[in-house]
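Dropping run-v8.cif in here (mmCIF, C-alpha atoms):
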```
data_final
loop_
_atom_site.label_atom_id
_atom_site.label_comp_id
_atom_site.auth_asym_id
_atom_site.auth_seq_id
_atom_site.Cartn_x
_atom_site.Cartn_y
_atom_site.Cartn_z
CA MET A 1 -15.04 -11.66 1.05
CA ARG A 2 -11.53 -12.80 1.88
CA ILE A 3 -10.13 -12.02 -1.53
CA VAL A 4 -10.86 -8.32 -1.23
CA ARG A 5 -9.52 -8.15 2.31
CA ARG A 6 -6.12 -9.44 1.17
CA THR A 7 -5.85 -6.61 -1.32
CA THR A 8 -6.68 -4.00 1.31
CA ALA A 9 -4.04 -5.34 3.66
CA ALA A 10 -1.46 -5.26 0.90
CA ALA A 11 -2.28 -1.63 0.23
CA VAL A 12 -1.87 -0.71 3.89
CA LEU A 13 1.53 -2.37 4.18
CA ALA A 14 2.87 -1.15 0.86
CA ALA A 15 1.66 2.38 1.46
CA THR A 16 3.46 2.35 4.82
CA CYS A 17 6.65 1.13 3.16
CA LEU A 18 6.43 3.73 0.39
CA ALA A 19 5.84 6.57 2.81
CA ALA A 20 8.51 5.77 5.37
CA ALA A 21 10.89 3.47 3.51
CA ALA A 22 10.75 1.52 6.75
CA CYS A 23 10.35 -1.91 5.20
CA SER A 24 13.30 -1.85 2.83
CA PRO A 25 16.17 -3.19 4.97
CA GLY A 26 14.01 -5.83 6.57
CA THR A 27 14.97 -9.42 6.19
CA ALA A 28 17.37 -8.88 3.31
CA VAL A 29 20.58 -10.83 3.86
CA PRO A 30 23.67 -8.55 3.80
CA ALA A 31 26.03 -8.96 0.87
CA GLY A 32 28.60 -11.66 1.44
CA GLU A 33 26.48 -13.46 4.02
CA LYS A 34 24.37 -16.54 3.56
CA ALA A 35 21.16 -17.17 5.45
CA ALA A 36 21.15 -20.21 7.72
CA ASP A 37 19.52 -23.38 6.43
CA ASP A 38 19.22 -25.60 9.47
CA LYS A 39 17.74 -29.04 8.86
CA SER A 40 16.68 -29.48 12.49
CA GLY A 41 15.12 -27.40 15.23
CA THR A 42 11.90 -25.39 15.08
CA LEU A 43 10.34 -24.38 11.78
CA GLN A 44 8.34 -21.19 12.36
CA VAL A 45 5.20 -20.84 10.23
CA TRP A 46 2.68 -17.97 10.05
CA LEU A 47 -0.73 -18.72 8.61
CA TYR A 48 -3.91 -16.61 8.56
CA ASN A 49 -6.50 -16.84 11.30
CA GLU A 50 -9.74 -16.91 9.32
CA ALA A 51 -13.44 -17.38 9.93
CA GLY A 52 -13.98 -21.03 10.80
CA ASN A 53 -10.29 -21.36 11.60
CA ALA A 54 -10.73 -24.44 13.76
CA ALA A 55 -11.31 -26.51 10.61
CA LYS A 56 -8.19 -25.07 9.00
CA GLU A 57 -6.14 -25.75 12.13
CA ALA A 58 -7.25 -29.38 12.15
CA VAL A 59 -6.01 -29.93 8.60
CA VAL A 60 -2.74 -28.10 9.23
CA ALA A 61 -2.20 -30.12 12.42
CA LYS A 62 -2.37 -33.33 10.37
CA ALA A 63 0.23 -31.92 7.98
CA VAL A 64 2.45 -30.95 10.91
CA THR A 65 2.26 -34.47 12.33
CA GLU A 66 3.09 -36.00 8.95
CA PHE A 67 5.99 -33.61 8.39
CA GLN A 68 7.49 -34.09 11.83
CA SER A 69 7.26 -37.87 11.45
CA ALA A 70 9.24 -37.63 8.21
CA HIS A 71 11.78 -35.16 9.64
CA GLN A 72 13.19 -36.39 12.91
CA GLY A 73 14.50 -33.61 15.12
CA VAL A 74 12.20 -31.04 13.54
CA THR A 75 9.33 -29.26 15.29
CA VAL A 76 6.83 -27.21 13.31
CA ASN A 77 5.43 -24.24 15.23
CA VAL A 78 2.39 -22.74 13.49
CA SER A 79 1.13 -19.32 14.57
CA TYR A 80 -2.17 -17.95 13.25
CA ILE A 81 -1.96 -14.22 12.64
CA ASP A 82 -4.73 -11.65 12.47
CA THR A 83 -6.05 -10.91 8.98
CA ASP A 84 -7.21 -7.41 9.90
CA ALA A 85 -5.47 -5.12 7.41
CA SER A 86 -3.69 -2.78 9.83
CA ALA A 87 -2.79 -5.47 12.36
CA ARG A 88 -1.38 -7.80 9.72
CA ALA A 89 0.53 -4.99 8.04
CA ALA A 90 2.18 -4.10 11.36
CA LYS A 91 3.04 -7.75 11.98
CA MET A 92 4.65 -8.18 8.58
CA LYS A 93 6.48 -4.85 8.80
CA GLY A 94 8.00 -5.99 12.08
CA ALA A 95 9.15 -9.24 10.49
CA PHE A 96 10.67 -7.40 7.53
CA ASN A 97 12.65 -5.07 9.80
CA ASP A 98 13.74 -7.66 12.38
CA PRO A 99 14.99 -10.97 10.95
CA ASN A 100 14.95 -12.52 14.43
CA SER A 101 11.18 -12.05 14.63
CA ALA A 102 10.50 -13.37 11.12
CA PRO A 103 8.99 -16.80 10.45
CA ASP A 104 10.50 -19.27 8.00
CA LEU A 105 7.26 -19.72 6.05
CA VAL A 106 4.35 -17.29 5.70
CA GLU A 107 0.92 -17.28 4.10
CA PHE A 108 0.22 -14.10 2.13
CA GLY A 109 -2.43 -12.73 -0.18
CA ASN A 110 -1.28 -12.96 -3.79
CA THR A 111 -1.77 -9.21 -4.33
CA ASP A 112 0.73 -8.62 -1.50
CA LEU A 113 3.57 -10.05 -3.57
CA PRO A 114 5.10 -6.90 -5.16
CA GLY A 115 5.10 -4.97 -1.87
CA TYR A 116 6.64 -7.83 0.06
CA VAL A 117 9.34 -8.37 -2.55
CA ALA A 118 10.10 -4.62 -2.64
CA ALA A 119 10.40 -4.72 1.15
CA GLY A 120 13.05 -7.43 0.85
CA GLY A 121 10.95 -9.91 2.77
CA LEU A 122 10.52 -12.91 0.47
CA ALA A 123 13.08 -15.34 -0.90
CA GLU A 124 13.13 -16.44 -4.53
CA ILE A 125 12.29 -20.15 -4.55
CA GLY A 126 11.95 -20.99 -8.25
CA ALA A 127 14.90 -23.41 -8.28
CA ASP A 128 13.68 -25.01 -5.03
CA LEU A 129 10.40 -25.95 -6.72
CA ASP A 130 11.96 -27.53 -9.81
CA GLY A 131 11.77 -31.01 -8.29
CA TRP A 132 8.27 -30.65 -6.83
CA THR A 133 6.17 -33.44 -8.31
CA ALA A 134 2.99 -31.33 -8.40
CA LYS A 135 4.58 -28.35 -10.13
CA GLY A 136 3.27 -29.29 -13.59
CA ASP A 137 -0.25 -29.57 -12.19
CA LEU A 138 -0.44 -25.90 -11.23
CA ASP A 139 -2.85 -23.86 -13.33
CA PRO A 140 -0.49 -21.68 -15.45
CA ALA A 141 -2.42 -18.42 -14.92
CA ILE A 142 -2.58 -18.98 -11.17
CA ALA A 143 1.11 -19.94 -11.02
CA LYS A 144 1.93 -16.49 -12.43
CA THR A 145 0.46 -14.81 -9.34
CA ALA A 146 3.59 -15.93 -7.48
CA VAL A 147 6.01 -14.67 -10.14
CA LEU A 148 7.49 -11.19 -10.31
CA ASP A 149 9.97 -10.11 -13.00
CA GLY A 150 10.48 -13.73 -13.96
CA LYS A 151 11.32 -14.86 -10.42
CA THR A 152 9.14 -17.13 -8.27
CA TYR A 153 8.49 -15.99 -4.72
CA GLY A 154 5.68 -18.23 -3.59
CA LEU A 155 3.66 -21.37 -4.03
CA PRO A 156 -0.05 -20.83 -4.80
CA TRP A 157 -2.08 -22.49 -2.02
CA TRP A 158 -5.68 -21.66 -2.86
CA VAL A 159 -7.57 -19.51 -5.30
CA GLY A 160 -10.94 -17.78 -5.39
CA VAL A 161 -12.83 -16.60 -8.47
CA ARG A 162 -16.20 -14.98 -9.09
CA ALA A 163 -19.12 -16.26 -11.12
CA LEU A 164 -22.75 -15.28 -11.70
CA TYR A 165 -25.25 -16.30 -9.01
CA TYR A 166 -28.86 -16.09 -10.22
CA ARG A 167 -32.30 -16.67 -8.77
CA THR A 168 -33.72 -19.81 -10.34
CA ASP A 169 -37.27 -19.07 -9.16
CA LEU A 170 -37.34 -15.63 -10.78
CA PHE A 171 -35.75 -16.86 -14.00
CA THR A 172 -38.21 -19.76 -14.25
CA GLU A 173 -41.15 -17.46 -13.63
CA ALA A 174 -39.91 -15.15 -16.39
CA GLY A 175 -39.33 -18.04 -18.79
CA LEU A 176 -35.60 -17.32 -18.91
CA ALA A 177 -32.57 -19.57 -19.02
CA ALA A 178 -29.33 -18.55 -17.33
CA PRO A 179 -27.64 -15.85 -19.43
CA THR A 180 -24.93 -16.98 -21.83
CA SER A 181 -23.96 -13.50 -23.07
CA TYR A 182 -23.85 -9.92 -21.84
CA ASP A 183 -26.91 -9.03 -23.93
CA GLU A 184 -28.89 -11.88 -22.36
CA LEU A 185 -27.81 -10.71 -18.91
CA VAL A 186 -29.06 -7.19 -19.63
CA ALA A 187 -32.35 -8.52 -21.03
CA ALA A 188 -32.84 -10.62 -17.90
CA THR A 189 -32.40 -7.61 -15.61
CA ARG A 190 -35.11 -5.73 -17.51
CA LYS A 191 -37.61 -8.56 -17.71
CA ILE A 192 -37.31 -9.59 -14.06
CA HIS A 193 -37.34 -6.04 -12.72
CA SER A 194 -40.41 -5.21 -14.78
CA ALA A 195 -42.25 -8.04 -13.03
CA HIS A 196 -40.74 -7.36 -9.59
CA SER A 197 -40.15 -3.63 -9.17
CA ASP A 198 -38.75 -4.13 -5.65
CA THR A 199 -36.01 -6.46 -6.93
CA PHE A 200 -32.75 -5.31 -8.49
CA GLY A 201 -31.99 -7.04 -11.78
CA ILE A 202 -28.39 -7.48 -10.65
CA ALA A 203 -26.48 -6.52 -7.51
CA ILE A 204 -23.30 -4.65 -8.43
CA GLY A 205 -21.35 -1.81 -6.86
CA GLY A 206 -19.46 1.32 -7.73
CA LYS A 207 -16.79 0.25 -5.24
CA TYR A 208 -16.61 -3.31 -6.56
CA THR A 209 -13.32 -3.38 -8.48
CA PHE A 210 -13.23 -7.14 -9.00
CA GLY A 211 -16.83 -7.18 -10.15
CA ALA A 212 -16.04 -4.62 -12.84
CA LEU A 213 -12.69 -5.90 -14.13
CA PRO A 214 -14.09 -9.02 -15.89
CA PHE A 215 -16.03 -6.67 -18.19
CA VAL A 216 -12.85 -4.73 -18.96
CA TRP A 217 -10.80 -7.87 -19.60
CA ASP A 218 -13.56 -9.46 -21.68
CA ALA A 219 -13.58 -6.40 -23.94
CA GLY A 220 -9.82 -6.79 -24.50
CA GLY A 221 -8.82 -4.03 -22.11
CA ASP A 222 -6.75 -3.93 -18.94
CA ILE A 223 -5.76 -1.75 -16.01
CA ALA A 224 -2.22 -1.36 -17.32
CA THR A 225 0.19 -3.02 -19.70
CA LYS A 226 3.96 -3.49 -19.56
CA ASP A 227 5.91 -0.76 -21.34
CA GLY A 228 9.56 -1.79 -21.25
CA ASP A 229 10.37 -2.56 -17.63
CA LYS A 230 7.45 -0.54 -16.24
CA PHE A 231 3.69 -0.59 -16.46
CA LYS A 232 1.68 2.09 -18.19
CA ALA A 233 -2.03 2.73 -17.80
CA ALA A 234 -4.36 1.05 -20.28
CA ILE A 235 -7.66 1.70 -18.53
CA ASN A 236 -8.37 4.52 -21.00
CA SER A 237 -7.82 2.42 -24.13
CA PRO A 238 -10.83 2.01 -26.46
CA ALA A 239 -11.18 -1.64 -25.43
CA SER A 240 -11.02 -0.82 -21.72
CA GLN A 241 -13.54 1.99 -22.14
CA ALA A 242 -15.91 -0.44 -23.86
CA GLY A 243 -15.66 -2.77 -20.87
CA VAL A 244 -16.16 0.05 -18.37
CA LYS A 245 -19.26 1.11 -20.29
CA ARG A 246 -20.74 -2.38 -20.24
CA TYR A 247 -20.33 -2.55 -16.48
CA THR A 248 -21.54 0.97 -15.70
CA ASP A 249 -24.51 0.61 -18.06
CA LEU A 250 -25.88 -1.94 -15.57
CA PHE A 251 -26.41 0.88 -13.06
CA ASP A 252 -29.86 1.70 -14.38
CA GLU A 253 -33.37 1.35 -13.01
CA ALA A 254 -33.66 -2.29 -14.09
CA GLY A 255 -30.17 -3.34 -13.02
CA CYS A 256 -28.80 -1.65 -9.92
CA PRO A 257 -29.86 2.03 -9.69
CA ALA A 258 -26.93 4.39 -9.23
CA GLN A 259 -28.50 6.19 -6.28
CA GLN A 260 -28.58 2.90 -4.33
CA CYS A 261 -25.60 1.09 -5.80
CA ALA A 262 -22.86 3.64 -6.51
CA ASP A 263 -21.39 3.20 -3.03
CA LEU A 264 -21.74 -0.57 -2.81
CA THR A 265 -18.71 -2.77 -2.21
CA GLY A 266 -18.46 -6.40 -3.24
CA GLY A 267 -19.45 -7.42 0.27
CA LYS A 268 -22.64 -5.39 0.08
CA THR A 269 -23.62 -7.11 -3.17
CA VAL A 270 -23.41 -10.43 -1.36
CA ASP A 271 -25.78 -9.06 1.29
CA LEU A 272 -28.29 -7.91 -1.35
CA PHE A 273 -28.39 -11.23 -3.15
CA ALA A 274 -28.48 -13.30 0.04
CA ALA A 275 -31.39 -11.22 1.30
CA GLY A 276 -33.38 -11.99 -1.85
CA LYS A 277 -33.29 -8.40 -3.11
CA ALA A 278 -31.50 -9.04 -6.41
CA ALA A 279 -32.00 -11.48 -9.27
CA MET A 280 -28.28 -11.82 -10.00
CA ALA A 281 -24.91 -11.02 -8.47
CA ILE A 282 -21.22 -11.52 -9.31
CA LEU A 283 -19.89 -13.35 -6.27
CA PRO A 284 -16.98 -15.61 -5.30
CA ASN A 285 -17.31 -19.28 -4.42
CA SER A 286 -16.74 -18.33 -0.78
CA SER A 287 -20.08 -16.46 -0.70
CA ARG A 288 -21.97 -19.75 -0.76
CA SER A 289 -22.40 -20.03 3.02
CA LYS A 290 -23.70 -16.48 3.36
CA VAL A 291 -26.19 -16.93 0.52
CA ASP A 292 -27.35 -20.22 2.02
CA ALA A 293 -27.98 -18.44 5.32
CA GLY A 294 -30.29 -15.89 3.69
CA ALA A 295 -33.63 -15.64 1.91
CA ALA A 296 -32.11 -16.84 -1.38
CA LYS A 297 -31.32 -20.27 0.02
CA ASP A 298 -32.45 -23.10 -2.29
CA LYS A 299 -33.58 -20.52 -4.87
CA TYR A 300 -30.36 -19.94 -6.77
CA ALA A 301 -27.81 -21.50 -9.07
CA VAL A 302 -24.44 -20.38 -10.44
CA VAL A 303 -23.02 -20.11 -13.96
CA PRO A 304 -19.80 -18.53 -15.23
CA LEU A 305 -20.12 -14.79 -15.82
CA PRO A 306 -20.84 -14.57 -19.56
CA GLY A 307 -18.80 -12.40 -21.88
CA ALA A 308 -20.04 -10.29 -24.77
CA LYS A 309 -19.74 -13.20 -27.20
CA ALA A 310 -22.49 -15.79 -26.73
CA GLY A 311 -21.19 -18.84 -24.91
CA SER A 312 -17.99 -17.16 -23.75
CA ILE A 313 -16.78 -16.74 -20.16
CA ALA A 314 -15.57 -13.35 -18.98
CA PRO A 315 -12.08 -13.58 -17.43
CA ALA A 316 -12.21 -13.52 -13.63
CA PHE A 317 -9.73 -12.12 -11.14
CA ALA A 318 -7.69 -14.94 -9.59
CA GLY A 319 -7.62 -13.93 -5.94
CA GLY A 320 -6.19 -16.20 -3.31
CA ASN A 321 -3.28 -16.94 -1.02
CA ASN A 322 0.27 -18.14 -1.54
CA LEU A 323 2.89 -19.67 0.72
CA GLY A 324 6.24 -17.88 0.73
CA VAL A 325 9.64 -18.43 2.31
CA MET A 326 11.07 -15.43 4.14
CA LYS A 327 14.46 -14.22 2.96
CA ALA A 328 15.72 -14.43 6.55
CA ALA A 329 14.45 -17.99 7.02
CA LYS A 330 16.75 -20.06 9.23
CA HIS A 331 15.23 -23.28 7.85
CA ARG A 332 14.84 -22.53 4.14
CA THR A 333 14.83 -26.12 2.85
CA LEU A 334 12.39 -27.27 5.51
CA ALA A 335 10.16 -24.26 4.78
CA VAL A 336 10.01 -25.15 1.08
CA GLN A 337 9.30 -28.79 1.86
CA PHE A 338 6.49 -27.95 4.30
CA ALA A 339 5.00 -25.54 1.75
CA GLN A 340 5.07 -28.30 -0.85
CA LEU A 341 3.27 -30.63 1.54
CA LEU A 342 0.55 -28.09 2.39
CA ALA A 343 0.09 -27.15 -1.27
CA GLY A 344 0.25 -30.73 -2.50
CA PRO A 345 -2.80 -32.64 -3.80
CA GLY A 346 -3.76 -34.34 -0.54
CA TYR A 347 -3.85 -31.26 1.65
CA GLN A 348 -5.32 -29.00 -1.04
CA GLU A 349 -8.30 -31.35 -1.18
CA GLN A 350 -8.56 -31.43 2.61
CA MET A 351 -8.39 -27.64 2.77
CA TYR A 352 -11.26 -27.46 0.30
CA ASP A 353 -13.30 -29.85 2.42
CA ALA A 354 -12.52 -27.83 5.54
CA MET A 355 -12.67 -24.24 4.26
CA GLY A 356 -14.12 -24.29 0.75
CA ASN A 357 -10.87 -22.96 -0.70
CA LEU A 358 -10.52 -23.78 -4.40
CA PRO A 359 -7.33 -25.74 -5.12
CA THR A 360 -4.63 -24.35 -7.38
CA LEU A 361 -3.81 -27.76 -8.82
CA LYS A 362 -5.81 -28.69 -11.90
CA SER A 363 -6.23 -32.34 -10.93
CA VAL A 364 -7.56 -31.47 -7.48
CA ASN A 365 -9.90 -28.84 -8.92
CA ALA A 366 -11.37 -31.50 -11.19
CA LYS A 367 -11.70 -33.89 -8.27
CA VAL A 368 -13.54 -31.49 -5.95
CA ALA A 369 -15.79 -30.29 -8.78
CA ALA A 370 -16.76 -33.90 -9.49
CA LYS A 371 -18.00 -34.36 -5.94
CA ASP A 372 -19.61 -30.93 -5.58
CA ALA A 373 -21.61 -29.69 -8.58
CA PHE A 374 -21.71 -26.19 -7.10
CA LEU A 375 -18.05 -25.74 -7.98
CA LYS A 376 -18.27 -26.46 -11.71
CA PRO A 377 -18.99 -22.84 -12.78
CA PHE A 378 -15.93 -21.71 -10.81
CA THR A 379 -13.60 -24.42 -12.09
CA ASP A 380 -14.91 -23.77 -15.63
CA THR A 381 -14.08 -20.09 -15.09
CA ILE A 382 -10.55 -20.98 -14.01
CA ALA A 383 -10.14 -23.30 -17.00
CA ALA A 384 -11.28 -20.53 -19.36
CA GLY A 385 -8.43 -18.32 -18.13
CA THR A 386 -8.13 -15.98 -15.19
CA ARG A 387 -6.50 -12.55 -14.98
CA PHE A 388 -4.65 -10.58 -12.34
CA VAL A 389 -3.82 -7.04 -11.31
CA PRO A 390 -0.46 -5.58 -12.40
CA LEU A 391 2.28 -7.33 -10.45
CA ASP A 392 4.02 -4.18 -9.35
CA GLN A 393 4.37 -2.51 -5.96
CA ALA A 394 2.56 0.54 -7.39
CA TRP A 395 -0.66 -1.48 -7.47
CA ALA A 396 -0.94 -1.15 -3.68
CA GLN A 397 -0.92 2.63 -4.03
CA ILE A 398 -3.45 2.53 -6.87
CA ASP A 399 -5.68 0.25 -4.81
CA ALA A 400 -5.32 2.32 -1.63
CA GLN A 401 -6.26 5.48 -3.53
CA ALA A 402 -9.39 3.73 -4.90
CA VAL A 403 -8.54 4.79 -8.44
CA VAL A 404 -10.73 2.19 -10.16
CA PRO A 405 -13.76 2.60 -7.86
CA THR A 406 -13.55 6.39 -8.20
CA MET A 407 -13.60 6.02 -11.99
CA LEU A 408 -16.66 3.77 -11.80
CA GLN A 409 -18.48 6.09 -9.41
CA GLN A 410 -17.75 9.13 -11.56
CA VAL A 411 -19.48 7.42 -14.48
CA VAL A 412 -22.48 5.91 -12.69
CA THR A 413 -23.29 9.15 -10.86
CA GLY A 414 -23.07 11.18 -14.06
CA LYS A 415 -20.15 13.32 -12.89
CA ALA A 416 -18.06 12.27 -15.89
CA ASP A 417 -18.45 10.18 -19.01
CA VAL A 418 -16.41 7.03 -19.57
CA ALA A 419 -13.74 8.82 -21.61
CA LYS A 420 -13.14 11.53 -18.99
CA ALA A 421 -13.29 9.21 -15.97
CA SER A 422 -10.98 6.59 -17.51
CA GLY A 423 -8.60 9.31 -18.67
CA ASP A 424 -8.34 10.71 -15.15
CA ALA A 425 -7.80 7.21 -13.79
CA ALA A 426 -5.10 6.55 -16.37
CA THR A 427 -3.23 9.67 -15.30
CA GLN A 428 -3.18 8.50 -11.68
CA ILE A 429 -2.22 4.95 -12.63
CA THR A 430 0.66 6.01 -14.88
CA SER A 431 1.93 8.43 -12.21
CA ALA A 432 1.92 5.68 -9.59
CA PHE A 433 3.97 3.36 -11.78
CA ALA A 434 6.39 6.12 -12.79
CA ALA A 435 6.99 7.15 -9.18
CA ARG A 436 8.09 3.79 -7.83
#
```
I need this file expressed as structure tokens, please.
Amino acid sequence: MRIVRRTTAAAVLAATCLAAAACSPGTAVPAGEKAADDKSGTLQVWLYNEAGNAAKEAVVAKAVTEFQSAHQGVTVNVSYIDTDASARAAKMKGAFNDPNSAPDLVEFGNTDLPGYVAAGGLAEIGADLDGWTAKGDLDPAIAKTAVLDGKTYGLPWWVGVRALYYRTDLFTEAGLAAPTSYDELVAATRKIHSAHSDTFGIAIGGKYTFGALPFVWDAGGDIATKDGDKFKAAINSPASQAGVKRYTDLFDEAGCPAQQCADLTGGKTVDLFAAGKAAMAILPNSSRSKVDAGAAKDKYAVVPLPGAKAGSIAPAFAGGNNLGVMKAAKHRTLAVQFAQLLAGPGYQEQMYDAMGNLPTLKSVNAKVAAKDAFLKPFTDTIAAGTRFVPLDQAWAQIDAQAVVPTMLQQVVTGKADVAKASGDAATQITSAFAAR
């Protein structure tokens, strides 16, 4: 579950910065000075070292060769950094505080953006991208994940969204079609569980923030909304409460019993579905390999997560990674150009083939979906409109304090009703935004 891991790492780094104010000076260029912009020499690039990284390295190596051939006198040095939350946070903190150790170009999780900008680590590159030929092909909602306060600090490289995996054998046996509404989803959990008492109707978790948020967004709610120049909690609005209730109502005997599911993370829901212990699950496209390695192999299909209205698609969280230029970059122009090459149509398609990463360009998404039917529910979900967490450095604190999971767990365990739990969460969320 790479999407979730990015968020955790962001929380670790941002929490460190907030506590010690150690990241602030970082790579910020002193007033009156201008960062170097050498057009030759060594371009330093940090990318993530991920599972199956050899395939990623092979694609990046091709891009390096192409770039160096087009830029005589330039060497591209790519380092693959650990994605473990604490290790990566320490690495980035060091780069923020010591410009000489900073790369020119860095891959970062899109939820990291506010913390990295607050730390003075990323350069604004909006004007640099004006001439990029693929700019107009970026999905608008995904493009916003690189924008903070109207300024662009990154180039979206890949995206991941969640959809509804379901067991085709169990649905066929029950005479059911894939659900096209929330009510149909609930009915399916009950009918299948009644016939298979050892099978959960749906695998969900009390610690699964990005499994719950589509229900909140579909109901018209949100975590927080902009109030002037700051965010203010909205998780306790009537619409948000309706969405929280729809999600937490699934923690029943037919769906995912609270006593077994209240502590489940998104990763654990993948395990349940892959093992054949659940009829449905809300999983990202990247879960495909794990499901195919389990008991559910060849017994499942995927559709967009349905909303309350029949035929609608619930908005999904647009997780993923961006490419950003460090403020202390010594090769700013080259860094932007290499980012544009990596995030361009050709290499986005190759990265999908190598890693299964969904492209951020609409044309490439359509192309990969045409050659792999598995992807259509995910690209349809993106086309229907994705959502994101509040782009504010306070989100890292909210995430680190598990405010949303705590709210969900309070409800599903019966410790509080939706109104009380969402009200408590709203207090914490508003306080976090007010304190920054």
Hey, what's within 10 Å of stretch 182-199 of chain A if we count all atoms listed in the file and toss same-chain stuff fewer than 6 positions away? As a PyMOL selection string, please?
chain A and resi 164+170-171+173-176+215+246-247+249-250+252-256+272-273+276-280+305-314
The PyMOL selection byres ((chain A and resi 421) around 9) on the file shown: which residues, as an MDAnalysis selection string?
chainID A and resid 236 406:411 415:420 422:426
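If all atoms listed in the file are the atoms counted, then among A:Ala203, A:Ala383, A:Trp158, A:Thr65 the closest residue to A:Ala258 is A:Ala203.
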Would you please work out which residue, of A:Ala118, A:Arg387, A:Ala89, A:Ser69, is nearest to A:Gly220 when using all atoms listed in the file?
A:Arg387
Just so the selection is clear, what residues does the PyMOL selection byres ((chain A and resi 39) around 7) cover here, as a PyMOL selection string?
chain A and resi 37-38+40+331+334
Written as number ranges by chain, which residues does the PyMOL selection byres ((chain A and resi 323-329) around 9) give for the file shown?
A: 26-29, 35-37, 43-44, 47, 96, 99-100, 102-109, 120-125, 146, 153-157, 321-322, 330-332, 335-336, 339, 342-343
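Atom CA of A:Pro405 is positioned 9.2 Å from atom CA of A:Thr265.
With all atoms listed in the file as the atoms that count, the residue of A:Ala61, A:Ala402, A:Ala233, A:Ala134 with the shortest distance to A:Thr430 is A:Ala233.
The space between atom CA of A:Ala85 and atom CA of A:Val404 spans 19.7 Å.
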Provide the atom CA of A:Pro179 to atom CA of A:Tyr165 distance in Å, to one decimal place.
10.7 Å
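Counting all atoms listed in the file and comparing A:Ile81, A:Leu361, A:Met351, A:Ile223, the residue that lies closest to A:Asp399 is A:Ile223.
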For a quick check of your reading of the model, name the residues lying within 12 Å of the coordinate (3.9, -8.1, -11.7), counting all atoms listed in the file, and write them as a PyMOL selection string.
chain A and resi 110-115+117-118+144-153+224-226+229-231+387-396+433
Shortest contact to A:Leu129, candidates A:Gly201, A:Pro214, A:Gly344, A:Gly228, atoms counted all atoms listed in the file, goes to A:Gly344
Can you list, as a VMD selection string, every protein, DNA or RNA residue that comes within 12 Å of A:Ala63 when you count all atoms listed in the file, leaving out same-chain residues fewer than 4 positions away?
chain A and resid 56 to 59 67 to 70 75 to 78 337 to 344 346 to 348 350 to 351
May I have the residues within 8 Å of A:Lys290 as a VMD selection string, using all atoms listed in the file and disregarding those fewer than 3 positions away in the same chain?
chain A and resid 270 to 271 274 287 293 to 294
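Comparing A:Ala234, A:Ala51, A:Ala239, A:Val412 by their smallest distance to A:Gly205, the closest is A:Val412 (using all atoms listed in the file).
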Distance query A:Gly160 at most 10 Å, all atoms listed in the file, self and fewer than 6 positions along chain excluded, as a ChimeraX atom specification:
/A:1-3,284-286,316-321,356-360,378-379,382
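Within the 7 Å cut-off around A:Tyr300, using all atoms listed in the file and omitting residues fewer than 6 positions from it on the same chain, the listed residues are Tyr165, Tyr166, Arg167 and Thr168 of chain A.
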